[in-house]
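Have a look at the structure below before the remarks.
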Amino acid sequence: MLEAAKHLLTPSKRSNVPPFMVMDVMAAAAALEAKGTHVVHMEVGQPAAPAPATALRAAQTALGARIGYTETLGIPGLRARIARHYAEAYGLALDPARVVVTTGSSGGFILAFLALFEPGDRVALANPGYPPYRHILSALGCEPVLIETSAATRWTITGRALLSEHRKKPLAGLLLASPANPTGTMMDADALSQLIAVAEAEGIRVISDEIYHGLDYAFTAETAANLSERALVINSFSKYFCMTGWRVGWMVLPSNLVRAVERLQGNLAISVPMLSQVAAEAAFDGKPEMEAVKHGYEENRRILVAGLPKAGLEKFLPVDGAFYLYADISKFSNDSLDFAKRMLSEAHVAATPGIDFDPVNGHNFLRFCYAGSAAEMHEAVTRIGKWLHT
Ligand SMILES: Cc1ncc(COP(=O)(O)O)c(C=O)c1O
């Protein structure tokens with residue numbers, strides 16, 4: 001084939017981001033289910049519960065009217081309601097002008113990275129971590145810099161580790177998540193505040209992914225917006241409000257970035273889907289329903305923390321928040337993909353191999369999502385116990 005013609009068929013190099021290995025596990029689970037086997041699903045990180053009834057009702061009503069584009073930064077009522085949420089949840093008086101509605105937090109990352117960084121900029125991330133952070137950064141031409149975390153530092157980045165990386169070659173940004181995915185660990189307000197101060201003193205811009213706020217069990221999560229007006233906060237209706245498929249989230253921006261993000265979002269997406277925004281505004285009235293869902297996760301967490309050690313998996317990271325438990329499987333295997341596949345085919349429990357989240361040590365870990373029912377958690381513990389003991 002002619003070189004020019006070949007070029008017409010070749011995807012760009014930057015589109016070459018790795019796939020999720022969990023897709024293999026999900027495909028194998030679907031094949032088992034097609035044969036009539038009951039699988040306990042703990043591989044996908046999404047709530048089993050639906051969106052709050054208040055959100056569903058608001059969306060149904062809105063369907064009767066015209067669904068059009070909205071203001072690029074989001075409908076004013078939703079931006080104001082999100083700002084009020086900061087007063088209620090964190091005691092922070094937030095100007096709604098700093099709130100931008102996004103297409104899930106995923107849309108927020110693209111806008112944040114484009115608004116903050118230039119191609120080639122280095123951005124620090126915790127390892128293990130949520131893979132799209134590094135994949136979006138690299139697709140945009142930035143360099144993700146993975147900083148190893150360990151039990152000694154509660155699996156979070158420390159100021160010392162950040163500075164040591166910065167001294168090797170300057171960093172432009174730091175992305176934090178607390179509670180984190182896949183580890184479920186959290187930073188307390190002091191640790192978060194100190195790390196932000198260290199970063200900002202060096203001119204490193206801080207992005208805080210707060211998507212699992214509200215799902216905190218060990219202690220209450222602090223927002224970076226309360227600690228620095230220069231930090232950029234990303235959040236979403238996907239997890240606490242059980243609205244993954246609605247694709248709606250938000251950012252709290254430093255004031256001087258609002259216009260840049262408005263220009264970017266206007267060009268990239270025009271606006272976030274109106275129906276989802278209307279539903280999101282009403283979701284805040286469904287908090288009692290969501291608190292009941294959260295209590296369900298707390299019960300699930302209790303079942304796993306008590307049951308997994310008896311089943312044979314006694315080593316896992318502190319189960320502070322989100323709905324993840326990150327278990328060390330090195331006693332049984334150092335190939336987490338193979339272990340996950342065998343656990344699925346023999347015990348019929350699906351979990352995510354650590355290699356999706358951690359290219360260095362992920363072969364020794366499995367992530368369990370406990371957003372299902374208590375009955376499923378009991379079943380998972382029993383099945384894993386039997387499987388590991390035979
Ligand atoms: C840590 C973290 N951040 C962001 C996201 C993206 O969520 P969404 O785009 O639905 O808001 C996820 C999804 O699993 C996540 O785990």
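We name chains A, B, ... following the order of the structure tokens; residues begin at 1 in each chain, and ligands are numbered from 1 as shown.
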Contacts of segment 218-269 of chain A with segment 60-80 of chain A up to 9 Å, shortest pair per row, only C-alpha atoms, as a Markdown table:
```
| residue | atom | partner | partner_atom | distance |
| --- | --- | --- | --- | --- |
| A:Trp250 | CA | A:Arg79 | CA | 8.6 |
| A:Val258 | CA | A:Leu73 | CA | 8.6 |
| A:Val261 | CA | A:Leu73 | CA | 8.2 |
| A:Glu262 | CA | A:Leu73 | CA | 6.0 |
| A:Arg263 | CA | A:Thr72 | CA | 8.5 |
| A:Gln265 | CA | A:Thr72 | CA | 6.6 |
| A:Gly266 | CA | A:Thr72 | CA | 5.6 |
| A:Ala269 | CA | A:Thr72 | CA | 8.3 |
```
Cut-off 7 Å, only C-alpha atoms and all ligand atoms, neighbours of ligand 1 as a PyMOL selection string = chain A and resi 45-46+103-107+130+177+180-181+209+211+235-238+244+247-249
Write a file of the just-selected residues containing N, CA, C and O atoms, as a short mmCIF file (atom, residue, chain, number, x, y, z; two decimals), in the first residue's frame.
```cif
data_model
loop_
_atom_site.label_atom_id
_atom_site.label_comp_id
_atom_site.auth_asym_id
_atom_site.auth_seq_id
_atom_site.Cartn_x
_atom_site.Cartn_y
_atom_site.Cartn_z
N GLY A 45 -17.05 0.00 39.06
CA GLY A 45 -17.13 1.01 40.11
C GLY A 45 -18.33 1.91 39.99
O GLY A 45 -18.18 3.11 39.79
N GLN A 46 -19.51 1.30 40.04
CA GLN A 46 -20.68 2.19 40.01
C GLN A 46 -21.78 1.69 40.93
O GLN A 46 -21.92 0.48 41.16
N THR A 103 -19.57 17.59 31.90
CA THR A 103 -20.12 16.29 31.49
C THR A 103 -19.47 15.20 32.34
O THR A 103 -18.50 14.56 31.93
N GLY A 104 -19.99 15.00 33.53
CA GLY A 104 -19.34 14.11 34.49
C GLY A 104 -18.02 14.73 34.91
O GLY A 104 -17.60 15.78 34.38
N SER A 105 -17.34 14.09 35.86
CA SER A 105 -16.02 14.62 36.20
C SER A 105 -15.06 14.35 35.04
O SER A 105 -14.08 15.07 34.87
N SER A 106 -15.36 13.35 34.22
CA SER A 106 -14.48 13.05 33.07
C SER A 106 -14.36 14.27 32.15
O SER A 106 -13.26 14.60 31.70
N GLY A 107 -15.49 14.94 31.90
CA GLY A 107 -15.45 16.17 31.10
C GLY A 107 -14.65 17.24 31.82
O GLY A 107 -13.95 18.04 31.19
N TYR A 130 -6.47 6.17 39.47
CA TYR A 130 -7.52 5.99 38.45
C TYR A 130 -6.88 6.17 37.07
O TYR A 130 -6.35 7.25 36.77
N ALA A 177 -6.69 12.70 44.90
CA ALA A 177 -8.05 12.20 45.08
C ALA A 177 -8.18 11.63 46.48
O ALA A 177 -7.37 10.82 46.91
N ALA A 180 -9.84 7.87 47.45
CA ALA A 180 -9.21 7.56 46.17
C ALA A 180 -9.75 6.26 45.57
O ALA A 180 -10.27 5.40 46.27
N ASN A 181 -9.60 6.16 44.27
CA ASN A 181 -9.89 4.93 43.52
C ASN A 181 -8.55 4.47 42.95
O ASN A 181 -7.88 5.30 42.32
N ASP A 209 -9.64 15.78 42.90
CA ASP A 209 -10.77 14.99 42.43
C ASP A 209 -11.57 14.56 43.66
O ASP A 209 -11.13 13.72 44.43
N ILE A 211 -14.73 13.27 43.70
CA ILE A 211 -15.90 12.53 43.23
C ILE A 211 -16.47 11.59 44.29
O ILE A 211 -17.66 11.31 44.29
N ASN A 235 -15.76 17.45 40.76
CA ASN A 235 -16.70 16.57 41.45
C ASN A 235 -17.76 16.11 40.45
O ASN A 235 -17.70 16.49 39.29
N SER A 236 -18.69 15.29 40.92
CA SER A 236 -19.60 14.62 39.99
C SER A 236 -20.86 14.17 40.72
O SER A 236 -20.83 13.95 41.94
N PHE A 237 -21.93 14.00 39.95
CA PHE A 237 -23.14 13.41 40.51
C PHE A 237 -23.13 11.89 40.38
O PHE A 237 -24.09 11.22 40.76
N SER A 238 -22.05 11.34 39.80
CA SER A 238 -22.04 9.91 39.47
C SER A 238 -22.07 8.99 40.69
O SER A 238 -22.72 7.95 40.64
N THR A 244 -24.40 7.84 37.44
CA THR A 244 -23.31 7.64 36.48
C THR A 244 -23.74 7.91 35.03
O THR A 244 -23.05 8.59 34.28
N ARG A 247 -24.23 11.61 33.20
CA ARG A 247 -23.05 12.33 32.75
C ARG A 247 -23.07 13.80 33.16
O ARG A 247 -23.09 14.70 32.31
N VAL A 248 -23.13 14.03 34.44
CA VAL A 248 -23.11 15.41 34.91
C VAL A 248 -22.22 15.53 36.16
O VAL A 248 -22.28 14.69 37.06
N GLY A 249 -21.38 16.54 36.14
CA GLY A 249 -20.47 16.80 37.25
C GLY A 249 -20.24 18.29 37.35
O GLY A 249 -20.95 19.08 36.72
#
```
query = Skipping near chain neighbours, those fewer than 3 positions away, what residues fall within 10 Å of Ser138 of chain A using only C-alpha atoms, listed as a ChimeraX atom specification?
reply = /A:14-17,119-120,122,132-135,141-144
Please save C-alpha atoms of the selected residues as an mmCIF file, in the first residue's frame.
```
data_model
loop_
_atom_site.group_PDB
_atom_site.id
_atom_site.type_symbol
_atom_site.label_atom_id
_atom_site.label_comp_id
_atom_site.auth_asym_id
_atom_site.auth_seq_id
_atom_site.Cartn_x
_atom_site.Cartn_y
_atom_site.Cartn_z
ATOM 1 C CA ARG A 14 -1.789 10.092 21.075
ATOM 2 C CA SER A 15 -4.997 8.065 20.712
ATOM 3 C CA ASN A 16 -3.018 4.961 21.622
ATOM 4 C CA VAL A 17 -4.090 4.867 25.282
ATOM 5 C CA PRO A 119 1.830 20.233 25.987
ATOM 6 C CA GLY A 120 4.875 18.646 27.634
ATOM 7 C CA ARG A 122 4.554 17.215 33.888
ATOM 8 C CA PRO A 132 -7.925 7.854 32.910
ATOM 9 C CA TYR A 133 -5.948 10.556 34.762
ATOM 10 C CA ARG A 134 -2.769 9.422 33.043
ATOM 11 C CA HIS A 135 -4.453 8.480 29.773
ATOM 12 C CA GLY A 141 0.330 15.801 25.190
ATOM 13 C CA CYS A 142 1.155 16.220 28.894
ATOM 14 C CA GLU A 143 3.392 13.887 30.867
ATOM 15 C CA PRO A 144 1.809 11.919 33.727
#
```
inquiry  = With distances taken over only C-alpha atoms, which residue among A:Val145, A:Pro128, A:Pro18, A:Phe241 lies nearest Gly362 of chain A?
reply    = A:Pro128
message = So that I can check the secondary structure, give me every residue of segment 155-361 of chain A assigned helix (DSSP H, G or I) by backbone DSSP, as a PyMOL selection string.
response = chain A and resi 159-168+189-201+224-226+244-246+255-268+274-311+336-347+354-356
query = Mind pulling up the distance from atom CA of Met251 of chain A to atom CA of Ala280 of chain A?
reply = 14.0 Å
Could you build a table of the residues in segment 148-216 of chain A lying no more than 10 Å from segment 354-359 of chain A, giving for each the nearest pair of atoms and their separation in Å rounded to one decimal place, using only C-alpha atoms, ordered by chain and ascending residue number, as a tab-separated table?
```
residue	atom	partner	partner_atom	distance
A:Glu148	CA	A:Asp358	CA	9.4
A:Asn181	CA	A:Phe357	CA	8.5
A:Pro182	CA	A:Phe357	CA	6.9
A:Thr183	CA	A:Phe357	CA	9.4
```
